[in-house]
file target_22.txt (compact mmCIF, C-alpha atoms and all ligand atoms)
# COMPACT_ATOMS: atom_id res chain seq x y z
CA MET D 1 91.90 49.05 242.86
CA ALA D 2 92.65 50.91 246.07
CA LYS D 3 90.47 50.35 249.10
CA ILE D 4 90.07 52.26 252.31
CA ASN D 5 90.71 50.93 255.79
CA PRO D 6 87.13 49.75 256.49
CA HIS D 7 87.59 49.99 260.25
CA TYR D 8 87.33 53.79 260.01
CA ARG D 9 83.71 53.29 258.98
CA LYS D 10 83.03 51.60 262.30
CA LEU D 11 83.81 54.78 264.26
CA SER D 12 80.60 55.96 265.87
CA ALA D 13 81.01 59.67 265.23
CA GLY D 14 83.53 62.38 264.46
CA TYR D 15 86.23 63.03 267.04
CA LEU D 16 84.60 64.61 270.11
CA PHE D 17 86.37 67.96 270.30
CA PRO D 18 85.90 69.03 266.66
CA GLU D 19 82.18 68.22 267.09
CA ILE D 20 82.03 70.54 270.10
CA SER D 21 83.86 73.27 268.16
CA ARG D 22 81.34 72.88 265.33
CA ARG D 23 78.38 73.39 267.69
CA VAL D 24 80.03 76.33 269.41
CA ALA D 25 80.83 77.96 266.05
CA ALA D 26 77.18 77.57 265.02
CA PHE D 27 76.05 79.18 268.29
CA GLN D 28 78.55 82.03 267.87
CA LYS D 29 77.33 82.63 264.32
CA GLU D 30 73.78 83.04 265.58
CA ASN D 31 74.88 85.07 268.60
CA PRO D 32 77.79 87.16 267.36
CA GLN D 33 77.83 89.38 270.46
CA ALA D 34 78.01 86.50 272.95
CA LYS D 35 81.20 86.10 274.96
CA ILE D 36 81.84 82.38 275.12
CA TYR D 37 83.61 80.72 278.07
CA ARG D 38 85.54 77.66 276.95
CA LEU D 39 85.77 75.01 279.64
CA GLY D 40 85.51 72.22 277.10
CA ILE D 41 88.77 70.85 275.75
CA GLY D 42 91.58 70.73 278.29
CA ASN D 43 93.67 73.34 276.54
CA THR D 44 96.29 75.24 278.53
CA THR D 45 95.97 79.03 278.55
CA GLU D 46 98.74 80.51 280.69
CA PRO D 47 102.04 81.74 279.22
CA LEU D 48 105.10 79.57 279.66
CA PRO D 49 107.20 80.63 282.65
CA PRO D 50 110.60 82.36 282.18
CA ALA D 51 112.87 79.35 282.76
CA VAL D 52 111.00 77.38 280.10
CA ILE D 53 111.01 80.26 277.62
CA ASN D 54 114.78 80.52 278.14
CA GLY D 55 115.14 76.82 277.44
CA LEU D 56 113.15 77.12 274.22
CA LYS D 57 115.17 80.19 273.18
CA ASN D 58 118.33 78.25 273.87
CA GLY D 59 116.99 75.55 271.54
CA VAL D 60 116.46 78.13 268.81
CA GLU D 61 119.86 79.76 269.35
CA ARG D 62 121.65 76.43 269.11
CA LEU D 63 120.27 76.14 265.61
CA ALA D 64 121.89 79.48 264.69
CA SER D 65 125.45 78.37 265.30
CA LEU D 66 127.70 76.09 263.29
CA LYS D 67 129.01 74.55 266.50
CA THR D 68 125.69 73.66 268.08
CA TYR D 69 123.40 73.17 265.08
CA SER D 70 121.66 69.80 265.04
CA GLY D 71 119.49 68.16 262.42
CA TYR D 72 117.95 64.78 263.11
CA GLY D 73 118.66 63.77 266.67
CA ASP D 74 118.42 60.50 268.53
CA GLU D 75 114.99 59.17 267.53
CA GLN D 76 114.45 57.98 271.08
CA GLY D 77 115.00 61.52 272.33
CA GLU D 78 117.98 63.53 273.57
CA LEU D 79 119.88 61.51 276.13
CA ALA D 80 120.08 64.49 278.49
CA LEU D 81 116.29 64.76 278.49
CA ARG D 82 115.79 61.05 279.07
CA GLU D 83 118.33 61.17 281.91
CA SER D 84 116.52 64.14 283.47
CA LEU D 85 113.24 62.26 283.28
CA ALA D 86 114.87 59.20 284.85
CA ALA D 87 116.14 61.49 287.65
CA LEU D 88 112.58 62.78 288.16
CA TYR D 89 111.23 59.24 288.49
CA LEU D 90 114.05 58.39 290.90
CA LYS D 91 112.81 61.12 293.24
CA ARG D 92 109.59 59.13 293.42
CA GLY D 93 111.47 55.93 294.13
CA VAL D 94 111.19 54.60 290.57
CA THR D 95 114.41 53.50 288.84
CA LEU D 96 114.35 53.71 285.04
CA ARG D 97 117.15 53.40 282.53
CA PRO D 98 117.27 56.05 279.78
CA GLY D 99 116.83 53.21 277.24
CA GLU D 100 113.38 52.59 278.70
CA LEU D 101 112.24 56.16 277.97
CA PHE D 102 111.03 57.30 274.54
CA ILE D 103 110.57 61.01 273.88
CA SER D 104 107.65 61.82 271.60
CA ASP D 105 105.52 64.70 270.42
CA GLY D 106 102.91 64.07 273.09
CA ALA D 107 100.77 61.61 274.99
CA LYS D 108 97.98 61.64 272.43
CA PRO D 109 100.05 60.15 269.58
CA ASP D 110 101.69 57.68 271.97
CA SER D 111 98.38 56.54 273.42
CA GLY D 112 96.98 56.14 269.92
CA ASN D 113 100.03 54.40 268.45
CA ILE D 114 101.09 52.09 271.26
CA GLN D 115 98.44 49.50 270.35
CA SER D 116 100.26 48.90 267.05
CA ILE D 117 102.94 46.76 268.71
CA PHE D 118 100.28 44.30 269.88
CA GLY D 119 98.38 41.67 267.90
CA VAL D 120 95.00 42.50 266.43
CA ASP D 121 93.36 39.62 268.28
CA ASN D 122 94.14 41.01 271.75
CA LEU D 123 91.04 41.63 273.86
CA VAL D 124 91.11 45.27 274.99
CA ALA D 125 89.60 46.73 278.16
CA PHE D 126 88.90 50.41 278.72
CA GLN D 127 87.68 52.47 281.61
CA ASP D 128 84.22 53.71 280.76
CA PRO D 129 84.15 56.69 280.33
CA ALA D 130 87.60 57.12 278.76
CA TYR D 131 89.70 59.52 276.71
CA PRO D 132 88.40 58.72 273.20
CA VAL D 133 91.83 58.09 271.64
CA TYR D 134 92.23 54.71 273.37
CA VAL D 135 88.99 53.31 271.98
CA ASP D 136 89.17 54.94 268.55
CA SER D 137 92.75 53.81 267.88
CA ASN D 138 91.76 50.22 268.66
CA VAL D 139 88.68 50.45 266.45
CA ILE D 140 90.83 51.74 263.59
CA ALA D 141 93.30 48.90 264.17
CA GLY D 142 90.45 46.41 263.74
CA ARG D 143 90.08 45.11 267.31
CA SER D 144 86.33 45.69 267.52
CA ASP D 145 83.51 44.25 265.46
CA SER D 146 81.00 47.03 265.15
CA TYR D 147 79.38 49.92 266.96
CA ASN D 148 76.11 49.22 268.70
CA SER D 149 74.11 52.43 268.74
CA GLU D 150 71.71 51.12 271.38
CA SER D 151 74.37 50.38 273.97
CA CYS D 152 76.62 53.14 272.57
CA SER D 153 79.54 50.73 272.70
CA TYR D 154 81.70 48.65 270.40
CA ALA D 155 81.26 44.90 270.21
CA GLY D 156 84.43 43.07 271.14
CA PHE D 157 85.71 45.52 273.74
CA VAL D 158 85.56 45.21 277.53
CA TYR D 159 84.12 48.28 279.24
CA MET D 160 85.11 48.76 282.88
CA ARG D 161 82.32 50.90 284.26
CA CYS D 162 83.34 53.92 286.32
CA SER D 163 80.44 55.06 288.44
CA GLU D 164 79.60 57.01 291.57
CA GLU D 165 79.41 53.66 293.39
CA ASN D 166 83.03 52.73 292.67
CA GLY D 167 84.33 56.28 292.98
CA PHE D 168 84.95 56.19 289.19
CA ILE D 169 87.80 53.69 289.61
CA PRO D 170 86.75 50.25 288.35
CA GLU D 171 87.77 46.78 289.40
CA PRO D 172 89.84 44.76 286.91
CA PRO D 173 87.61 42.96 284.38
CA ALA D 174 85.95 39.68 285.31
CA GLU D 175 87.16 38.09 282.06
CA LYS D 176 90.72 37.75 280.76
CA ALA D 177 91.59 40.92 278.88
CA ASP D 178 94.96 41.36 277.19
CA LEU D 179 95.42 45.13 276.97
CA ILE D 180 94.05 47.40 279.67
CA TYR D 181 93.98 51.17 279.36
CA LEU D 182 94.06 53.09 282.62
CA CYS D 183 94.25 56.85 283.03
CA SER D 184 94.99 58.30 286.47
CA PRO D 185 94.40 61.11 287.34
CA ASN D 186 91.52 60.36 285.11
CA ASN D 187 90.39 62.21 282.07
CA PRO D 188 87.42 62.79 282.13
CA THR D 189 86.27 61.98 285.69
CA GLY D 190 89.13 63.53 287.68
CA ALA D 191 89.30 60.41 289.87
CA VAL D 192 92.72 59.11 290.97
CA ALA D 193 93.53 55.46 291.63
CA SER D 194 95.15 54.60 294.95
CA HIS D 195 98.11 52.22 295.32
CA GLN D 196 95.75 49.43 296.36
CA GLN D 197 93.51 49.98 293.36
CA LEU D 198 96.45 49.98 290.95
CA LYS D 199 97.93 46.94 292.69
CA LYS D 200 94.77 44.99 291.83
CA PHE D 201 95.32 45.79 288.16
CA VAL D 202 99.01 44.95 288.34
CA ASP D 203 98.23 41.59 290.00
CA TYR D 204 95.57 40.92 287.37
CA ALA D 205 97.94 41.81 284.51
CA ARG D 206 100.72 39.61 285.87
CA LYS D 207 98.30 36.73 286.36
CA TYR D 208 97.03 36.90 282.76
CA ARG D 209 100.23 38.25 281.15
CA ALA D 210 98.20 41.27 280.13
CA VAL D 211 99.64 44.74 279.54
CA ILE D 212 98.43 47.89 281.27
CA ILE D 213 98.76 51.05 279.22
CA PHE D 214 98.89 53.67 281.92
CA ASP D 215 98.27 57.28 280.93
CA ALA D 216 99.76 59.54 283.61
CA ALA D 217 99.47 62.81 281.66
CA TYR D 218 97.87 64.56 284.64
CA ALA D 219 100.16 63.15 287.37
CA ASP D 220 101.57 66.56 288.25
CA PHE D 221 98.10 67.77 289.21
CA ILE D 222 97.93 65.37 292.15
CA THR D 223 97.85 67.35 295.38
CA ASP D 224 97.53 64.41 297.80
CA PRO D 225 101.07 63.07 298.43
CA ALA D 226 99.72 59.62 299.28
CA LEU D 227 98.44 59.03 295.73
CA PRO D 228 100.68 57.32 293.14
CA ARG D 229 101.93 59.45 290.26
CA SER D 230 103.37 56.57 288.30
CA ILE D 231 102.21 52.99 287.96
CA TYR D 232 105.80 51.94 288.62
CA GLU D 233 105.31 52.99 292.24
CA VAL D 234 103.40 49.72 292.46
CA ASP D 235 105.46 46.51 292.88
CA GLY D 236 105.48 44.31 289.83
CA ALA D 237 104.41 47.03 287.36
CA PHE D 238 107.68 46.93 285.38
CA GLU D 239 106.73 43.47 284.16
CA CYS D 240 103.28 44.42 282.93
CA ALA D 241 102.88 48.17 282.30
CA ILE D 242 103.71 50.82 279.76
CA GLU D 243 103.40 54.39 280.99
CA ILE D 244 102.66 57.44 278.86
CA ASN D 245 103.14 61.01 280.01
CA SER D 246 103.30 64.50 278.62
CA PHE D 247 104.61 68.02 279.04
CA SER D 248 101.34 69.35 277.56
CA LYS D 249 99.26 69.98 280.63
CA SER D 250 101.92 70.13 283.36
CA ALA D 251 104.17 72.56 281.47
CA GLY D 252 101.81 74.23 278.98
CA PHE D 253 103.24 72.37 275.96
CA THR D 254 99.87 71.67 274.31
CA GLY D 255 101.09 73.60 271.26
CA VAL D 256 104.84 73.00 271.68
CA ARG D 257 104.31 69.20 271.69
CA LEU D 258 106.47 66.96 273.88
CA GLY D 259 105.76 63.77 275.77
CA TRP D 260 107.27 60.42 276.63
CA ALA D 261 106.52 56.76 276.96
CA VAL D 262 108.16 54.24 279.25
CA VAL D 263 108.50 50.71 277.90
CA PRO D 264 110.41 48.77 280.56
CA GLN D 265 112.95 46.13 279.64
CA ALA D 266 111.23 43.78 282.10
CA LEU D 267 107.91 43.99 280.26
CA SER D 268 106.91 40.85 278.42
CA VAL D 269 103.77 39.16 277.13
CA GLU D 270 102.70 35.61 276.36
CA ASP D 271 104.77 35.31 273.18
CA SER D 272 107.68 37.66 273.90
CA GLU D 273 110.89 37.75 275.88
CA PRO D 274 111.60 40.67 278.24
CA GLY D 275 113.09 43.49 276.14
CA GLU D 276 111.24 42.65 272.93
CA LEU D 277 108.38 45.13 273.42
CA ASN D 278 110.94 47.84 274.20
CA ARG D 279 112.67 47.00 270.90
CA LEU D 280 109.36 46.88 269.01
CA TRP D 281 108.39 50.35 270.23
CA LEU D 282 111.81 51.65 269.16
CA ARG D 283 111.27 49.96 265.78
CA ARG D 284 107.83 51.51 265.48
CA GLN D 285 109.05 54.97 266.41
CA THR D 286 112.13 54.88 264.19
CA THR D 287 109.95 53.82 261.26
CA PHE D 288 107.13 56.34 261.68
CA PHE D 289 108.65 59.18 263.67
CA ASN D 290 111.85 61.17 263.34
CA GLY D 291 112.07 62.34 266.91
CA ALA D 292 110.60 65.27 268.79
CA SER D 293 111.57 68.80 267.82
CA ASN D 294 115.02 69.66 269.15
CA ILE D 295 113.68 73.06 270.27
CA ALA D 296 110.85 71.42 272.23
CA GLN D 297 113.33 69.05 273.86
CA ARG D 298 115.44 71.99 275.07
CA GLY D 299 112.22 73.40 276.49
CA GLY D 300 111.57 70.05 278.17
CA LEU D 301 115.01 70.09 279.77
CA ALA D 302 114.24 73.55 281.14
CA VAL D 303 110.90 72.31 282.54
CA LEU D 304 112.79 69.64 284.45
CA SER D 305 115.38 72.10 285.84
CA PRO D 306 114.87 73.15 289.48
CA GLU D 307 113.63 76.66 288.44
CA GLY D 308 111.44 75.15 285.73
CA GLN D 309 109.83 72.78 288.23
CA VAL D 310 109.04 75.60 290.66
CA GLU D 311 107.65 77.87 287.94
CA CYS D 312 105.54 75.15 286.30
CA LYS D 313 104.18 74.15 289.70
CA ALA D 314 102.94 77.72 290.18
CA VAL D 315 100.97 77.48 286.91
CA ILE D 316 99.55 74.10 287.93
CA ASN D 317 98.47 75.65 291.23
CA LEU D 318 96.67 78.38 289.34
CA TYR D 319 94.69 75.80 287.35
CA MET D 320 93.94 73.83 290.50
CA GLU D 321 92.66 76.97 292.17
CA ASN D 322 90.41 77.39 289.12
CA ALA D 323 89.17 73.86 289.75
CA ARG D 324 88.34 74.77 293.34
CA LEU D 325 86.43 77.86 292.23
CA ILE D 326 84.40 75.85 289.72
CA ARG D 327 83.69 73.06 292.20
CA GLU D 328 82.62 75.32 295.04
CA GLY D 329 80.63 77.64 292.78
CA LEU D 330 78.64 74.84 291.21
CA GLN D 331 78.07 73.10 294.52
CA GLN D 332 76.50 76.36 295.73
CA ILE D 333 73.67 75.90 293.24
CA GLY D 334 73.19 72.28 294.21
CA LEU D 335 75.04 70.51 291.39
CA THR D 336 76.72 67.20 292.21
CA ILE D 337 80.33 67.43 291.21
CA TYR D 338 83.33 65.08 291.35
CA GLY D 339 87.04 65.46 290.58
CA GLY D 340 88.91 68.73 290.49
CA VAL D 341 90.92 67.99 293.64
CA ASN D 342 93.81 65.94 292.25
CA ALA D 343 93.04 66.55 288.58
CA PRO D 344 92.19 69.54 286.40
CA TYR D 345 88.83 68.06 285.35
CA LEU D 346 85.48 68.28 287.10
CA TRP D 347 82.83 65.69 286.46
CA LEU D 348 79.32 66.80 287.20
CA LYS D 349 76.02 65.01 287.13
CA THR D 350 73.65 66.62 284.69
CA PRO D 351 70.70 68.05 286.59
CA GLY D 352 67.27 66.43 286.31
CA SER D 353 67.18 63.78 283.66
CA LEU D 354 69.06 65.73 281.02
CA THR D 355 71.33 63.82 278.69
CA SER D 356 74.90 65.03 278.42
CA TRP D 357 74.29 66.73 275.05
CA GLU D 358 71.01 68.31 276.25
CA PHE D 359 72.92 69.82 279.15
CA PHE D 360 75.66 70.96 276.75
CA ASP D 361 73.08 72.88 274.71
CA GLN D 362 71.36 74.32 277.77
CA LEU D 363 74.61 75.45 279.38
CA LEU D 364 75.77 77.05 276.16
CA SER D 365 72.54 78.84 275.40
CA GLU D 366 71.78 80.03 278.96
CA THR D 367 75.27 80.81 280.22
CA GLN D 368 77.58 80.73 277.15
CA VAL D 369 79.79 78.23 278.95
CA VAL D 370 81.18 75.36 276.90
CA GLY D 371 81.88 72.02 278.52
CA THR D 372 82.23 68.46 277.27
CA PRO D 373 79.29 66.02 277.24
CA GLY D 374 80.16 62.95 279.30
CA SER D 375 78.58 60.62 276.75
CA GLY D 376 81.36 61.59 274.33
CA PHE D 377 83.72 59.59 276.54
CA GLY D 378 81.70 56.37 276.51
CA PRO D 379 78.33 54.93 277.49
CA ALA D 380 78.89 55.32 281.26
CA GLY D 381 79.51 59.04 280.67
CA GLU D 382 75.86 59.58 279.75
CA GLY D 383 74.22 61.84 282.31
CA TYR D 384 77.54 63.46 283.17
CA PHE D 385 79.39 66.52 281.96
CA ARG D 386 83.05 67.52 282.11
CA LEU D 387 84.38 70.96 282.88
CA SER D 388 88.03 71.77 282.40
CA ALA D 389 89.90 73.98 284.88
CA PHE D 390 92.29 75.23 282.19
CA GLY D 391 91.50 78.89 281.64
CA HIS D 392 92.40 82.42 282.61
CA ARG D 393 91.30 83.17 286.15
CA ALA D 394 89.05 86.04 285.10
CA ASP D 395 87.28 83.82 282.55
CA ILE D 396 86.81 81.02 285.06
CA GLU D 397 85.35 83.46 287.59
CA ALA D 398 83.06 84.95 284.96
CA ALA D 399 81.97 81.49 283.77
CA VAL D 400 81.14 80.36 287.31
CA ALA D 401 79.25 83.60 287.96
CA GLN D 402 77.27 83.14 284.73
CA ILE D 403 76.33 79.58 285.69
CA ILE D 404 75.28 80.61 289.18
CA ALA D 405 73.22 83.53 287.89
CA LYS D 406 71.72 82.12 284.71
CA LEU D 407 71.53 78.34 284.70
CA LYS D 408 67.92 77.27 285.17
CA ILE D 409 67.93 74.09 287.19
C1 LIG D 501 90.88 66.77 276.63
O1 LIG D 501 90.25 67.82 276.68
O2 LIG D 501 90.40 65.67 276.92
C2 LIG D 501 92.28 66.84 276.21
O3 LIG D 501 92.72 68.12 276.21
C3 LIG D 501 92.46 66.36 274.86
C4 LIG D 501 93.88 66.05 274.62
O4 LIG D 501 94.74 66.25 275.46
O5 LIG D 501 94.12 65.55 273.53
call {"tool": "encode", "arguments": {"input": "target_22.txt", "output": "structure tokens", "more": "lines below"}}
Ligand code: MLT
result
Amino acid sequence: MAKINPHYRKLSAGYLFPEISRRVAAFQKENPQAKIYRLGIGNTTEPLPPAVINGLKNGVERLASLKTYSGYGDEQGELALRESLAALYLKRGVTLRPGELFISDGAKPDSGNIQSIFGVDNLVAFQDPAYPVYVDSNVIAGRSDSYNSESCSYAGFVYMRCSEENGFIPEPPAEKADLIYLCSPNNPTGAVASHQQLKKFVDYARKYRAVIIFDAAYADFITDPALPRSIYEVDGAFECAIEINSFSKSAGFTGVRLGWAVVPQALSVEDSEPGELNRLWLRRQTTFFNGASNIAQRGGLAVLSPEGQVECKAVINLYMENARLIREGLQQIGLTIYGGVNAPYLWLKTPGSLTSWEFFDQLLSETQVVGTPGSGFGPAGEGYFRLSAFGHRADIEAAVAQIIAKLKI
């Protein structure tokens, strides 16, 4: 008799973004004329720049010729792409070997799958609020006991509270956690950890032989040169951190799909030698994944070319200008707003005593602007609301104007 994986039943609700889409679709059905402004999911909107399009075309054309056709490639990713990524890290003073880089179809699958190389009895710590994939993937793997609907949290997990008081960057946990998920620049709060803040986590992880899973998917949105873009900029991180990154947001590959993970040779845990986790991740990927699309990888190489970097930076700047417009517009009407300076997300306090979902409904019905309720990212997100700066400029301007003119606060 077949049985389901019972841990799925522990998940508190459906995945956040489909739930938002469901509510927006219901609103649109009742208000067919309404123009809806989507500042909810962080979905890129601008066309890919010419150098990247040429790279993708080159990937397609290579498939058309007997000489250059390729089927399955290196499961770890094209060597040229891994070497280009290593060269990018080197510019930031970080030395990586291509064997430490694993090309994937994005940061979401990597951040969901990476937990599978660790034992089920590891104690896991998350920033609260956090990108839901970290928590959900660990629930599904069986690392939590049950969901507590009063505290809106899972028993058996460590929640590192991110609040106004700590600038949304927590201290390492008081207890000994084994796996620690960090995201900086942070989704959803837009906060960025400094070297000193990351150093505390690295020192903690080395002390307890814990592993930091560092999601740097928004690193290219950092505007302040003093802030770290990779955890490996911090001494000692090679021994205790895995880094995940993506072409999705920085190069508009949300639909193309391309990302990478770094599993250093020096990384080890209580019961492993250095090198073993790197081999386990390769084993995991070669078993479950046949490598990223060869077309996407050609696109990735083009992103990393000098022209690609300049052109992608211009698109990032456009989104960051959107973030400025949102921040300044909403501040004008007295809303308290964080983030949006070194990250494409803005984190605002819901006005009055509105819950995150109450504010979602009010914003949608009064202004037709869609955002993301902070409580969907964890218990400490209650009373907050995320706006994404990904959008066409005209839509962002119209959304901000709608909020200023119509939101009743
Ligand atoms: C988000 O809106 O949090 C992200 O776009 C979701 C994702 O990248 O998977």
call {"tool": "closest_atom_pairs", "arguments": {"input": "target_22.txt", "of": "chain D", "to": "ligand LIG 501 (chain D)", "cutoff": "6 Å", "atoms": "all atoms listed in the file", "output": "Markdown table"}}
result
| residue | atom | partner | partner_atom | distance |
| --- | --- | --- | --- | --- |
| D:Ile41 | CA | D:LIG501 | O1 | 3.5 |
| D:Gly42 | CA | D:LIG501 | O3 | 3.5 |
| D:Asn43 | CA | D:LIG501 | O3 | 5.3 |
| D:Lys108 | CA | D:LIG501 | O5 | 5.6 |
call {"tool": "closest_residue", "arguments": {"input": "target_22.txt", "among": "D:Trp347, D:Tyr208, D:Phe360, D:Tyr384", "to": "D:Glu19", "atoms": "only C-alpha atoms"}}
result
D:Phe360
call {"tool": "residues_around", "arguments": {"input": "target_22.txt", "residues": "D:Tyr89", "least_positions_apart": "6", "cutoff": "9 Å", "atoms": "all atoms listed in the file", "output": "list in words"}}
result
Thr95, Leu96 and Ser230 of chain D
call {"tool": "residues_around", "arguments": {"input": "target_22.txt", "residues": "D:Val94", "least_positions_apart": "4", "cutoff": "8 Å", "atoms": "all atoms listed in the file", "output": "list in words"}}
result
Tyr89, Leu90, Tyr232 and Glu233 of chain D
call {"tool": "closest_residue", "arguments": {"input": "target_22.txt", "among": "D:Ile103, D:Leu330, D:Ala296, D:Val124", "to": "D:Arg143", "atoms": "all atoms listed in the file"}}
result
D:Val124
call {"tool": "atom_distance", "arguments": {"input": "target_22.txt", "atom1": "atom CA of D:Asp215", "atom2": "atom CA of D:Pro170"}}
result
15.4 Å
call {"tool": "closest_residue", "arguments": {"input": "target_22.txt", "among": "D:Tyr181, D:Phe385, D:Phe390, D:Phe102", "to": "D:Arg324", "atoms": "all atoms listed in the file"}}
result
D:Phe390
call {"tool": "residues_around", "arguments": {"input": "target_22.txt", "residues": "D:Tyr345", "least_positions_apart": "6", "cutoff": "12 Å", "atoms": "all atoms listed in the file", "output": "ChimeraX atom specification"}}
result
/D:39-43,184-192,218,221-222,249,319-324,326-327,337-339,371-372,374,385-391
call {"tool": "closest_residue", "arguments": {"input": "target_22.txt", "among": "D:Ser65, D:Ser151, D:Gln33, D:Asn122", "to": "D:Ser12", "atoms": "all atoms listed in the file"}}
result
D:Ser151
call {"tool": "axis_aligned_box", "arguments": {"input": "target_22.txt", "around": "stretch 233-241 of chain D", "padding_each_side": "4 Å", "output": "AutoDock Vina command-line options"}}
result
--center_x 105.3 --center_y 48.2 --center_z 287.6 --size_x 12.8 --size_y 17.5 --size_z 18.6
call {"tool": "closest_residue", "arguments": {"input": "target_22.txt", "among": "D:Leu301, D:Ala394, D:Val400, D:Cys312", "to": "D:Ile333", "atoms": "all atoms listed in the file"}}
result
D:Val400
call {"tool": "residues_near_point", "arguments": {"input": "target_22.txt", "point": "(99.1, 55.5, 268.9)", "cutoff": "12 Å", "atoms": "only C-alpha atoms", "output": "JSON, numbers by chain"}}
result
{"D": [104, 105, 106, 107, 108, 109, 110, 111, 112, 113, 114, 115, 116, 117, 118, 132, 133, 134, 135, 136, 137, 138, 139, 140, 141, 213, 244, 261, 281, 284, 285, 288, 289]}
call {"tool": "closest_residue", "arguments": {"input": "target_22.txt", "among": "D:Ile180, D:Ala251, D:Leu325, D:Leu11", "to": "D:Asn148", "atoms": "all atoms listed in the file"}}
result
D:Leu11
call {"tool": "atom_distance", "arguments": {"input": "target_22.txt", "atom1": "atom CA of D:Ile409", "atom2": "atom CA of D:Leu346"}}
result
18.5 Å
call {"tool": "residues_around", "arguments": {"input": "target_22.txt", "residues": "stretch 263-272 of chain D", "least_positions_apart": "4", "cutoff": "6 Å", "atoms": "all atoms listed in the file", "output": "VMD selection string"}}
result
chain D and resid 100 209 238 to 240 242 278
call {"tool": "write_last_selection", "arguments": {"input": "target_22.txt", "atoms": "C-alpha atoms", "output": "compact mmCIF listing (two decimals), in the coordinates of the input"}}
result
# COMPACT_ATOMS: atom_id res chain seq x y z
CA GLU D 100 113.38 52.59 278.70
CA ARG D 209 100.23 38.25 281.15
CA PHE D 238 107.68 46.93 285.38
CA GLU D 239 106.73 43.47 284.16
CA CYS D 240 103.28 44.42 282.93
CA ILE D 242 103.71 50.82 279.76
CA ASN D 278 110.94 47.84 274.20
call {"tool": "atom_distance", "arguments": {"input": "target_22.txt", "atom1": "atom CA of D:Lys207", "atom2": "atom CA of D:Phe377"}}
result
28.8 Å
call {"tool": "build_atoms", "arguments": {"input": "target_22.txt", "residues": "stretch 109-113 of chain D", "atoms": "all heavy atoms", "output": "PDB file, keeping the file's coordinate frame"}}
result
ATOM      1  N   PRO D 109      99.550  61.105 270.575  1.00  0.00           N
ATOM      2  CA  PRO D 109     100.050  60.150 269.580  1.00  0.00           C
ATOM      3  C   PRO D 109     100.535  58.852 270.209  1.00  0.00           C
ATOM      4  O   PRO D 109     100.261  57.770 269.675  1.00  0.00           O
ATOM      5  CB  PRO D 109     101.203  60.898 268.897  1.00  0.00           C
ATOM      6  CG  PRO D 109     101.367  62.206 269.589  1.00  0.00           C
ATOM      7  CD  PRO D 109     100.184  62.429 270.461  1.00  0.00           C
ATOM      8  N   ASP D 110     101.204  58.927 271.357  1.00  0.00           N
ATOM      9  CA  ASP D 110     101.690  57.680 271.970  1.00  0.00           C
ATOM     10  C   ASP D 110     100.515  56.787 272.386  1.00  0.00           C
ATOM     11  O   ASP D 110     100.543  55.575 272.178  1.00  0.00           O
ATOM     12  CB  ASP D 110     102.553  57.978 273.206  1.00  0.00           C
ATOM     13  CG  ASP D 110     103.965  58.427 272.834  1.00  0.00           C
ATOM     14  OD1 ASP D 110     104.296  58.395 271.632  1.00  0.00           O
ATOM     15  OD2 ASP D 110     104.723  58.810 273.738  1.00  0.00           O
ATOM     16  N   SER D 111      99.475  57.408 272.971  1.00  0.00           N
ATOM     17  CA  SER D 111      98.380  56.540 273.420  1.00  0.00           C
ATOM     18  C   SER D 111      97.580  56.002 272.245  1.00  0.00           C
ATOM     19  O   SER D 111      96.954  54.951 272.346  1.00  0.00           O
ATOM     20  CB  SER D 111      97.498  57.196 274.482  1.00  0.00           C
ATOM     21  OG  SER D 111      97.074  58.448 274.071  1.00  0.00           O
ATOM     22  N   GLY D 112      97.625  56.682 271.119  1.00  0.00           N
ATOM     23  CA  GLY D 112      96.980  56.140 269.920  1.00  0.00           C
ATOM     24  C   GLY D 112      97.834  55.088 269.219  1.00  0.00           C
ATOM     25  O   GLY D 112      97.313  54.100 268.701  1.00  0.00           O
ATOM     26  N   ASN D 113      99.151  55.278 269.237  1.00  0.00           N
ATOM     27  CA  ASN D 113     100.030  54.400 268.450  1.00  0.00           C
ATOM     28  C   ASN D 113     100.472  53.143 269.179  1.00  0.00           C
ATOM     29  O   ASN D 113     100.842  52.156 268.539  1.00  0.00           O
ATOM     30  CB  ASN D 113     101.300  55.171 268.043  1.00  0.00           C
ATOM     31  CG  ASN D 113     100.996  56.297 267.073  1.00  0.00           C
ATOM     32  OD1 ASN D 113     100.079  56.197 266.264  1.00  0.00           O
ATOM     33  ND2 ASN D 113     101.766  57.381 267.140  1.00  0.00           N
TER      34      ASN D 113
END
